[in-house]
Amino acid sequence: YAGTAFSRARRKGMARNACTVLGNSRDEQHLGLLVLASKDEAWEVREAAAWAFSRIGGRQVLNLLERMRSDVDERVQGRVNWALEQEDR
């Protein structure tokens, strides 16, 4: 992979991309991994976890998103609010 985008990816970017993959699967079996991502030190990963939760949906996801509302980063809070709006539709 030398010289490719894959070789340049850092942990934060890989974790964010993993959240995207898990969200696109729309499979509830991945909620445990996304819960871990929702507690990551990087705001980008937490934001991606909120987006992924919105793709999976369901009652359990609503509870998880509600817990994320108090995130210290306003960008994550914005994504959480957006995700909760998606659930209302």
# chains A, B, ... in the order shown; residues from 1 in each chain; ligands from 1

$ residues_around --residues "Glu28 (chain A)" --least-positions-apart "4" --cutoff "10 Å" --atoms "only C-alpha atoms" --output "list in words"
Leu22, Gly23, Gly32, Leu34, Phe53, Ile56, Gly57, Gly58, Gln60 and Val61 of chain A

$ write_last_selection --atoms "C-alpha atoms" --output "PDB file, in the first residue's frame"
ATOM      1  CA  LEU A  22     -20.905   0.462   9.996  1.00  0.00           C
ATOM      2  CA  GLY A  23     -23.636   3.052   9.486  1.00  0.00           C
ATOM      3  CA  GLY A  32     -21.474  -1.867  20.371  1.00  0.00           C
ATOM      4  CA  LEU A  34     -20.400   2.580  17.507  1.00  0.00           C
ATOM      5  CA  PHE A  53     -26.496   5.801  14.574  1.00  0.00           C
ATOM      6  CA  ILE A  56     -29.213   2.320  11.790  1.00  0.00           C
ATOM      7  CA  GLY A  57     -32.160   3.892  13.597  1.00  0.00           C
ATOM      8  CA  GLY A  58     -34.460   2.368  16.175  1.00  0.00           C
ATOM      9  CA  GLN A  60     -31.964   1.875  21.192  1.00  0.00           C
ATOM     10  CA  VAL A  61     -30.310   4.391  18.861  1.00  0.00           C
TER      11      VAL A  61
END

$ closest_residue --among "A:Glu41, A:Met68, A:Arg75, A:Ala49" --to "Ala18 (chain A)" --atoms "only C-alpha atoms"
A:Ala49

$ atom_distance --atom1 "CA of Val80 (chain A)" --atom2 "CA of Ala50 (chain A)"
5.6 Å

$ select_by_dssp --residues "chain A" --states "alpha helix (DSSP H)" --output "PyMOL selection string"
chain A and resi 5-8+11-25+31-38+43-56+59-68+74-88

$ closest_residue --among "A:Arg16, A:Arg79, A:Arg26, A:Arg10" --to "Glu66 (chain A)" --atoms "only C-alpha atoms"
A:Arg79

$ residues_around --residues "Glu47 (chain A)" --least-positions-apart "5" --cutoff "12 Å" --atoms "only C-alpha atoms" --output "PyMOL selection string"
chain A and resi 12+15-17+19-20+34-35+37-42+52-54+65+68-69+71-83

$ write_last_selection --atoms "N, CA, C and O atoms" --output "tab-separated table (two decimals), in the first residue's frame"
chain	number	residue	atom	x	y	z
A	12	LYS	N	-7.47	8.30	13.58
A	12	LYS	CA	-8.70	9.07	13.62
A	12	LYS	C	-9.48	8.91	12.31
A	12	LYS	O	-10.69	8.68	12.31
A	15	ALA	N	-10.87	5.36	12.00
A	15	ALA	CA	-12.01	5.16	12.89
A	15	ALA	C	-13.26	5.85	12.32
A	15	ALA	O	-14.36	5.30	12.36
A	16	ARG	N	-13.07	7.05	11.80
A	16	ARG	CA	-14.20	7.78	11.19
A	16	ARG	C	-14.74	7.01	9.99
A	16	ARG	O	-15.96	6.85	9.84
A	17	ASN	N	-13.85	6.50	9.16
A	17	ASN	CA	-14.28	5.72	8.00
A	17	ASN	C	-14.98	4.43	8.43
A	17	ASN	O	-15.94	3.99	7.78
A	19	CYS	N	-16.80	4.05	11.07
A	19	CYS	CA	-18.15	4.44	11.46
A	19	CYS	C	-19.05	4.58	10.23
A	19	CYS	O	-20.22	4.15	10.25
A	20	THR	N	-18.50	5.14	9.17
A	20	THR	CA	-19.27	5.28	7.93
A	20	THR	C	-19.68	3.91	7.38
A	20	THR	O	-20.83	3.70	7.01
A	34	LEU	N	-20.08	1.16	17.65
A	34	LEU	CA	-20.40	2.58	17.51
A	34	LEU	C	-20.50	3.27	18.86
A	34	LEU	O	-20.18	4.45	18.98
A	35	VAL	N	-20.93	2.55	19.88
A	35	VAL	CA	-20.93	3.12	21.23
A	35	VAL	C	-19.51	3.46	21.63
A	35	VAL	O	-19.24	4.54	22.18
A	37	ALA	N	-17.09	4.18	19.60
A	37	ALA	CA	-16.71	5.33	18.78
A	37	ALA	C	-17.34	6.62	19.31
A	37	ALA	O	-16.73	7.69	19.23
A	38	SER	N	-18.54	6.53	19.87
A	38	SER	CA	-19.21	7.72	20.39
A	38	SER	C	-18.51	8.28	21.62
A	38	SER	O	-18.79	9.41	22.03
A	39	LYS	N	-17.57	7.52	22.18
A	39	LYS	CA	-16.81	7.97	23.36
A	39	LYS	C	-15.34	8.26	23.01
A	39	LYS	O	-14.52	8.47	23.89
A	40	ASP	N	-15.02	8.25	21.72
A	40	ASP	CA	-13.65	8.47	21.27
A	40	ASP	C	-13.18	9.87	21.64
A	40	ASP	O	-13.98	10.79	21.78
A	41	GLU	N	-11.87	10.02	21.80
A	41	GLU	CA	-11.32	11.34	22.14
A	41	GLU	C	-11.42	12.33	20.98
A	41	GLU	O	-11.45	13.53	21.20
A	42	ALA	N	-11.48	11.84	19.75
A	42	ALA	CA	-11.53	12.72	18.58
A	42	ALA	C	-12.98	13.08	18.25
A	42	ALA	O	-13.82	12.21	18.06
A	52	ALA	N	-23.69	7.54	11.98
A	52	ALA	CA	-23.91	6.11	11.80
A	52	ALA	C	-25.13	5.63	12.58
A	52	ALA	O	-25.92	4.82	12.09
A	53	PHE	N	-25.30	6.15	13.80
A	53	PHE	CA	-26.50	5.80	14.57
A	53	PHE	C	-27.75	6.17	13.79
A	53	PHE	O	-28.72	5.42	13.76
A	54	SER	N	-27.73	7.33	13.14
A	54	SER	CA	-28.92	7.78	12.40
A	54	SER	C	-29.24	6.84	11.23
A	54	SER	O	-30.39	6.69	10.86
A	65	LEU	N	-28.27	8.34	21.15
A	65	LEU	CA	-28.11	9.72	20.68
A	65	LEU	C	-28.44	10.72	21.78
A	65	LEU	O	-27.77	11.75	21.91
A	68	MET	N	-25.58	11.33	23.82
A	68	MET	CA	-24.52	12.10	23.16
A	68	MET	C	-24.83	13.59	23.10
A	68	MET	O	-23.95	14.39	22.76
A	69	ARG	N	-26.03	14.00	23.45
A	69	ARG	CA	-26.40	15.42	23.38
A	69	ARG	C	-25.51	16.32	24.22
A	69	ARG	O	-25.34	17.49	23.92
A	71	ASP	N	-22.32	16.14	24.55
A	71	ASP	CA	-20.93	16.11	24.11
A	71	ASP	C	-20.31	17.50	24.26
A	71	ASP	O	-20.99	18.52	24.08
A	72	VAL	N	-19.04	17.53	24.57
A	72	VAL	CA	-18.34	18.80	24.80
A	72	VAL	C	-18.13	19.60	23.51
A	72	VAL	O	-17.92	20.82	23.57
A	73	ASP	N	-18.21	18.96	22.37
A	73	ASP	CA	-17.94	19.65	21.10
A	73	ASP	C	-19.25	20.02	20.40
A	73	ASP	O	-20.11	19.17	20.19
A	74	GLU	N	-19.37	21.27	20.02
A	74	GLU	CA	-20.61	21.72	19.38
A	74	GLU	C	-20.84	21.09	18.01
A	74	GLU	O	-21.98	20.97	17.57
A	75	ARG	N	-19.78	20.68	17.34
A	75	ARG	CA	-19.95	20.00	16.05
A	75	ARG	C	-20.60	18.65	16.24
A	75	ARG	O	-21.45	18.23	15.45
A	76	VAL	N	-20.22	17.96	17.30
A	76	VAL	CA	-20.85	16.68	17.61
A	76	VAL	C	-22.30	16.90	18.03
A	76	VAL	O	-23.21	16.19	17.58
A	77	GLN	N	-22.52	17.90	18.86
A	77	GLN	CA	-23.89	18.23	19.27
A	77	GLN	C	-24.77	18.52	18.06
A	77	GLN	O	-25.93	18.08	18.00
A	78	GLY	N	-24.23	19.25	17.09
A	78	GLY	CA	-24.98	19.55	15.87
A	78	GLY	C	-25.35	18.30	15.11
A	78	GLY	O	-26.48	18.16	14.63
A	79	ARG	N	-24.41	17.37	14.99
A	79	ARG	CA	-24.69	16.12	14.28
A	79	ARG	C	-25.71	15.29	15.05
A	79	ARG	O	-26.58	14.66	14.46
A	80	VAL	N	-25.60	15.28	16.37
A	80	VAL	CA	-26.56	14.53	17.20
A	80	VAL	C	-27.96	15.10	17.00
A	80	VAL	O	-28.93	14.35	16.80
A	81	ASN	N	-28.08	16.42	17.04
A	81	ASN	CA	-29.39	17.04	16.83
A	81	ASN	C	-29.94	16.71	15.45
A	81	ASN	O	-31.13	16.43	15.29
A	82	TRP	N	-29.09	16.76	14.44
A	82	TRP	CA	-29.49	16.39	13.09
A	82	TRP	C	-29.97	14.94	13.06
A	82	TRP	O	-31.00	14.64	12.46
A	83	ALA	N	-29.22	14.05	13.69
A	83	ALA	CA	-29.58	12.63	13.70
A	83	ALA	C	-30.92	12.40	14.39
A	83	ALA	O	-31.74	11.60	13.93

$ closest_residue --among "A:Glu87, A:Leu36, A:Ser25, A:Val45" --to "Arg59 (chain A)" --atoms "only C-alpha atoms"
A:Glu87

$ atom_distance --atom1 "CA of Trp43 (chain A)" --atom2 "CA of Gly13 (chain A)"
11.2 Å
